[in-house]
>>> print(open('model-v2.cif').read())   # mmCIF, C-alpha atoms
data_coords
loop_
_atom_site.label_atom_id
_atom_site.label_comp_id
_atom_site.auth_asym_id
_atom_site.auth_seq_id
_atom_site.Cartn_x
_atom_site.Cartn_y
_atom_site.Cartn_z
CA MET T 71 106.30 116.01 124.61
CA ASN T 72 107.35 114.73 121.18
CA PRO T 73 110.19 116.35 119.21
CA SER T 74 109.42 119.54 117.29
CA SER T 75 111.22 118.04 114.28
CA CYS T 76 112.75 114.71 113.34
CA GLN T 77 114.75 113.25 110.47
CA LEU T 78 113.16 110.12 109.01
CA PRO T 79 115.31 106.99 108.49
CA ILE T 80 115.21 107.31 104.69
CA SER T 81 117.07 109.43 102.17
CA PHE T 82 116.52 109.99 98.46
CA SER T 83 118.70 110.41 95.38
CA ILE T 84 119.69 114.05 94.92
CA GLU T 85 120.34 113.43 91.23
CA LYS T 86 116.89 111.92 90.63
CA LEU T 87 115.20 114.65 92.68
CA GLN T 88 116.87 117.34 90.62
CA ASN T 89 116.10 115.55 87.34
CA ASP T 90 112.38 115.63 88.15
CA LEU T 91 112.74 119.25 89.23
CA VAL T 92 113.99 120.13 85.72
CA THR T 93 110.66 118.84 84.36
CA CYS T 94 108.77 121.09 86.76
CA GLU T 95 110.79 124.17 85.88
CA THR T 96 108.81 124.45 82.62
CA ASN T 97 105.54 124.85 84.52
CA LEU T 98 104.00 127.95 86.03
CA TRP T 99 105.14 128.53 89.60
CA THR T 100 102.41 130.27 91.57
CA PRO T 101 103.14 132.90 94.24
CA HIS T 102 102.21 131.64 97.69
CA PHE T 103 98.76 132.83 98.74
CA ASN T 104 99.84 133.91 102.24
CA THR T 105 101.48 137.11 101.02
CA TYR T 106 101.65 138.61 104.52
CA ARG T 107 103.81 135.70 105.69
CA TYR T 108 106.89 136.33 103.60
CA GLU T 109 109.30 138.86 102.16
CA GLY T 110 110.85 138.34 98.73
CA LYS T 111 109.71 135.48 96.51
CA TRP T 112 107.90 132.32 97.66
CA THR T 113 106.31 130.20 94.92
CA SER T 114 104.90 126.70 94.51
CA VAL T 115 103.73 124.12 91.97
CA SER T 116 101.42 121.21 92.81
CA LEU T 117 101.79 117.49 92.20
CA ARG T 118 98.54 116.83 94.09
CA SER T 119 95.85 119.47 94.56
CA GLN T 120 92.12 119.79 95.24
CA SER T 121 91.34 120.76 91.64
CA GLY T 122 93.98 118.58 89.99
CA LEU T 123 95.71 121.69 88.58
CA GLU T 124 99.42 122.41 89.01
CA THR T 125 98.70 126.05 89.81
CA ASP T 126 96.27 125.19 92.62
CA ILE T 127 98.59 125.37 95.63
CA LEU T 128 96.00 125.69 98.41
CA SER T 129 96.46 123.21 101.25
CA PHE T 130 93.59 122.65 103.67
CA PRO T 131 92.96 119.55 105.79
CA ASP T 132 90.12 117.08 105.26
CA LYS T 133 89.63 117.91 101.58
CA GLU T 134 89.65 115.70 98.49
CA TYR T 135 92.92 115.79 96.55
CA LYS T 136 93.92 114.36 93.18
CA ASN T 137 97.16 113.96 91.23
CA THR T 138 97.99 116.71 88.75
CA PRO T 139 99.11 115.89 85.18
CA LEU T 140 102.61 117.09 86.08
CA LEU T 141 103.08 114.11 88.40
CA ASP T 142 102.97 111.72 85.44
CA SER T 143 106.17 113.34 84.16
CA CYS T 144 107.95 113.04 87.53
CA PRO T 145 108.51 109.33 88.19
CA TYR T 146 110.87 109.82 91.11
CA PHE T 147 108.51 112.19 92.95
CA LYS T 148 105.82 109.53 92.44
CA GLU T 149 108.16 106.88 93.84
CA ILE T 150 108.73 109.00 96.95
CA MET T 151 104.99 109.51 97.38
CA ASP T 152 104.44 105.76 97.15
CA TRP T 153 107.07 105.11 99.84
CA PHE T 154 104.66 106.68 102.34
CA GLN T 155 102.04 103.98 102.87
CA CYS T 156 99.30 106.36 103.90
CA GLU T 157 96.79 108.76 102.39
CA LYS T 158 98.27 111.92 100.91
CA GLU T 159 96.61 115.33 100.65
CA ALA T 160 98.53 118.22 99.04
CA VAL T 161 101.92 117.42 97.49
CA ARG T 162 103.87 120.44 96.30
CA LEU T 163 107.22 121.91 95.44
CA LEU T 164 107.96 125.01 97.51
CA ARG T 165 110.56 127.47 96.27
CA LEU T 166 111.93 130.25 98.47
CA GLY T 167 113.88 132.71 96.35
CA PRO T 168 117.32 134.16 97.08
CA ASP T 169 117.40 136.74 99.89
CA SER T 170 113.81 135.84 100.82
CA GLU T 171 112.20 135.05 104.15
CA ILE T 172 109.14 133.18 105.42
CA LYS T 173 108.15 135.03 108.58
CA GLU T 174 107.56 133.19 111.81
CA HIS T 175 103.99 131.87 112.00
CA VAL T 176 101.97 128.82 113.08
CA ASP T 177 99.80 126.47 111.02
CA ASN T 178 96.89 125.13 113.02
CA ASP T 179 96.16 121.38 113.15
CA THR T 180 99.43 120.39 111.48
CA SER T 181 101.10 118.19 114.09
CA TYR T 182 101.39 114.43 114.23
CA GLU T 183 99.18 114.51 117.31
CA ASP T 184 96.46 116.11 115.15
CA GLY T 185 96.50 113.06 112.86
CA PHE T 186 98.54 114.81 110.19
CA PHE T 187 102.19 115.04 109.24
CA ARG T 188 103.98 117.25 106.73
CA ILE T 189 107.17 115.92 105.19
CA HIS T 190 109.97 118.02 103.69
CA VAL T 191 112.53 116.63 101.23
CA PRO T 192 115.11 119.29 100.28
CA ILE T 193 115.96 119.23 96.56
CA ILE T 194 118.09 122.38 96.44
CA THR T 195 119.42 124.03 99.58
CA ASN T 196 122.67 125.20 101.16
CA SER T 197 124.28 126.25 104.43
CA GLU T 198 122.88 129.79 104.15
CA VAL T 199 119.28 128.57 104.44
CA TYR T 200 118.01 128.72 108.03
CA PHE T 201 114.86 126.74 108.89
CA TYR T 202 113.61 127.23 112.44
CA VAL T 203 110.87 125.30 114.24
CA ASP T 204 110.06 126.28 117.83
CA GLN T 205 113.16 128.55 117.67
CA LYS T 206 115.38 125.52 116.98
CA LEU T 207 117.45 125.29 113.79
CA VAL T 208 116.47 122.27 111.66
CA PRO T 209 119.57 121.33 109.60
CA MET T 210 117.88 119.89 106.51
CA LYS T 211 120.24 118.73 103.76
CA MET T 212 119.50 117.76 100.16
CA GLY T 213 118.00 114.30 99.79
CA GLU T 214 117.11 114.00 103.47
CA CYS T 215 113.56 113.49 104.71
CA TRP T 216 112.19 115.49 107.64
CA TYR T 217 109.01 115.86 109.68
CA ALA T 218 108.31 119.01 111.67
CA ASN T 219 105.45 120.09 113.90
CA PHE T 220 104.20 123.19 112.12
CA GLN T 221 101.65 123.79 114.88
CA LEU T 222 104.68 125.39 116.57
CA PRO T 223 106.14 128.76 115.51
CA HIS T 224 108.40 128.31 112.47
CA SER T 225 110.25 130.45 109.94
CA VAL T 226 112.75 130.18 107.08
CA GLN T 227 115.48 132.57 105.92
CA ASN T 228 117.25 132.09 102.61
CA LYS T 229 120.32 134.31 102.82
CA SER T 230 121.97 132.74 99.78
CA SER T 231 122.05 133.73 96.12
CA GLU T 232 120.18 130.63 94.93
CA PRO T 233 116.62 129.36 95.50
CA ARG T 234 115.76 126.83 98.17
CA ILE T 235 113.38 124.17 96.82
CA HIS T 236 111.67 121.45 98.86
CA LEU T 237 109.29 118.64 97.97
CA THR T 238 106.54 118.65 100.60
CA LEU T 239 103.96 115.96 101.28
CA ASP T 240 100.91 116.37 103.51
CA CYS T 241 100.17 112.92 104.89
CA ILE T 242 97.42 111.40 107.02
CA ARG T 243 98.46 109.47 110.10
CA ASN T 244 97.68 105.74 110.14
CA GLU T 245 98.98 102.46 111.61
CA TRP T 246 101.91 102.39 109.17
CA SER T 247 103.04 105.89 110.16
CA ASP T 248 102.51 105.13 113.87
CA ALA T 249 104.97 102.22 113.56
CA LEU T 250 107.45 104.47 111.72
CA PHE T 251 107.21 107.34 114.20
CA ALA T 252 107.40 104.97 117.18
CA LYS T 253 110.74 103.68 115.82
CA MET T 254 111.91 107.31 115.70
CA GLY T 255 111.18 107.69 119.41
CA PHE T 256 107.74 109.31 119.26
CA ASP T 257 105.17 108.59 121.93
CA ILE T 258 102.27 107.85 119.58
CA HIS T 259 99.85 107.97 122.52
CA TYR T 260 100.94 111.44 123.59
CA LYS T 261 98.18 114.05 123.73
CA PRO T 262 99.26 117.70 123.77
CA PRO T 263 97.82 119.89 126.52
CA THR T 264 94.55 121.55 125.63
CA GLU T 265 95.79 124.83 127.08
CA TYR T 266 98.20 126.80 124.87
CA SER T 267 100.81 129.27 126.07
CA ASP T 268 100.03 132.98 125.77
CA GLU T 269 102.60 133.24 122.96
CA VAL T 270 100.85 130.55 120.92
CA LYS T 271 97.42 132.06 121.68
CA LYS T 272 98.55 135.46 120.39
CA ARG T 273 99.90 133.90 117.20
CA MET T 274 96.65 131.99 116.70
CA ILE T 275 94.68 135.23 117.18
CA GLU T 276 96.91 136.94 114.59
CA GLU T 277 96.35 134.14 112.08
CA LEU T 278 92.58 134.03 112.64
CA SER T 279 92.32 137.83 112.35
CA ARG T 280 93.61 137.67 108.78
CA ASN T 281 90.58 135.61 107.70
CA PRO T 282 87.51 137.38 109.15
CA SER T 283 84.42 135.27 109.74
CA ASP T 284 81.83 134.74 112.48
CA ILE T 285 83.48 131.46 113.46
CA ASN T 286 86.94 133.01 113.63
CA ALA T 287 85.62 135.96 115.60
CA ALA T 288 84.19 133.56 118.20
CA LEU T 289 87.50 131.67 118.38
CA ILE T 290 89.40 134.94 118.80
CA ALA T 291 87.10 136.04 121.61
CA LYS T 292 87.60 132.72 123.40
CA LEU T 293 91.38 132.89 123.04
CA GLN T 294 91.48 136.50 124.23
CA SER T 295 89.40 135.67 127.31
CA ASN T 296 91.95 133.01 128.28
CA LEU T 297 95.05 135.18 127.95
CA THR T 298 97.03 135.65 131.15
CA LEU T 299 96.96 139.31 132.11
#
>>> encode(input="model-v2.cif", output="structure tokens")
Amino acid sequence: MNPSSCQLPISFSIEKLQNDLVTCETNLWTPHFNTYRYEGKWTSVSLRSQSGLETDILSFPDKEYKNTPLLDSCPYFKEIMDWFQCEKEAVRLLRLGPDSEIKEHVDNDTSYEDGFFRIHVPIITNSEVYFYVDQKLVPMKMGECWYANFQLPHSVQNKSSEPRIHLTLDCIRNEWSDALFAKMGFDIHYKPPTEYSDEVKKRMIEELSRNPSDINAALIAKLQSNLTL
């Protein structure tokens, strides 16, 4: 099995990251749409979105995305995006306010094995921010670059008195990224088991239940029928 998280062999200028952040502070930060997933304040602004608007912070796979006007004013964020020689979907800044928490949850189809990888670059953070993936603490520091498998249960606690702000990039796997991840020790030919644990199944059922539809109802029924009694 591949690692649940991994630091990439690249780091970025904290000063330049925070300079571009100042530009974004004048824009409208939008509350995260998954209100049931957090306590406190969790907001975002988009550099790439489906509509091309900074306030459009939705992130769904296999959609068309375009740069927002804000990106033109953030040359260093653009430079970071260009470092990744692959197709990008949503690119956002995610801010978790002081004394706020993102509850443990899973995001379906968001692992490298799914053909997708989400990158986090911390711009502002500190030792009182706790980011867990698969119940393991991921020690992200400012300017570092990290991948994590968000198909696994993950959560974030900001116990400090200042916001935690990350640049996140949703990227599409390709030959360039395969070479990069192989150098980091990933088995790029690894296929995860088709059968999930009961814990993961229950979390998937919980997520699907929050968005009622005929398709989701069928998926829930299938998952429930495969739970170990």
>>> resolve_selection(input="model-v2.cif", expression="the PyMOL selection byres ((chain T and resi 177) around 12)", output="VMD selection string")
chain T and resid 104 107 129 to 131 174 to 176 178 to 181 184 186 to 188 203 218 to 225 270 273 to 278
>>> closest_residue(input="model-v2.cif", among="T:Val92, T:Ser143, T:Gln77, T:Val161", to="T:Leu117", atoms="all atoms listed in the file")
T:Val161
>>> atom_distance(input="model-v2.cif", atom1="atom CA of T:Pro192", atom2="atom CA of T:Leu91")
11.3 Å
>>> resolve_selection(input="model-v2.cif", expression="the PyMOL selection byres ((chain T and resi 260) around 10)", output="JSON, numbers by chain")
{"T": [71, 72, 182, 183, 256, 257, 258, 259, 261, 262, 263]}
>>> resolve_selection(input="model-v2.cif", expression="the PyMOL selection byres ((chain T and resi 168) around 8)", output="PyMOL selection string")
chain T and resi 110-111+166-167+169-170+228-234
>>> closest_residue(input="model-v2.cif", among="T:Ile193, T:Leu239, T:Val115, T:Leu163", to="T:Asn97", atoms="all atoms listed in the file")
T:Val115
>>> closest_residue(input="model-v2.cif", among="T:Cys156, T:Cys94, T:Leu164, T:Leu237", to="T:Ile127", atoms="all atoms listed in the file")
T:Leu164
>>> closest_residue(input="model-v2.cif", among="T:Met210, T:Gly255, T:His236, T:Gly185", to="T:Ser197", atoms="all atoms listed in the file")
T:Met210
>>> closest_residue(input="model-v2.cif", among="T:Ile242, T:Ala288, T:Cys215, T:Ile235", to="T:Val199", atoms="all atoms listed in the file")
T:Ile235
>>> closest_residue(input="model-v2.cif", among="T:Gln155, T:Ser83, T:Asn296, T:Ser279", to="T:Glu245", atoms="only C-alpha atoms")
T:Gln155
>>> atom_distance(input="model-v2.cif", atom1="atom CA of T:Ile194", atom2="atom CA of T:Gln88")
7.8 Å
>>> atom_distance(input="model-v2.cif", atom1="atom CA of T:Leu123", atom2="atom CA of T:Pro139")
7.5 Å
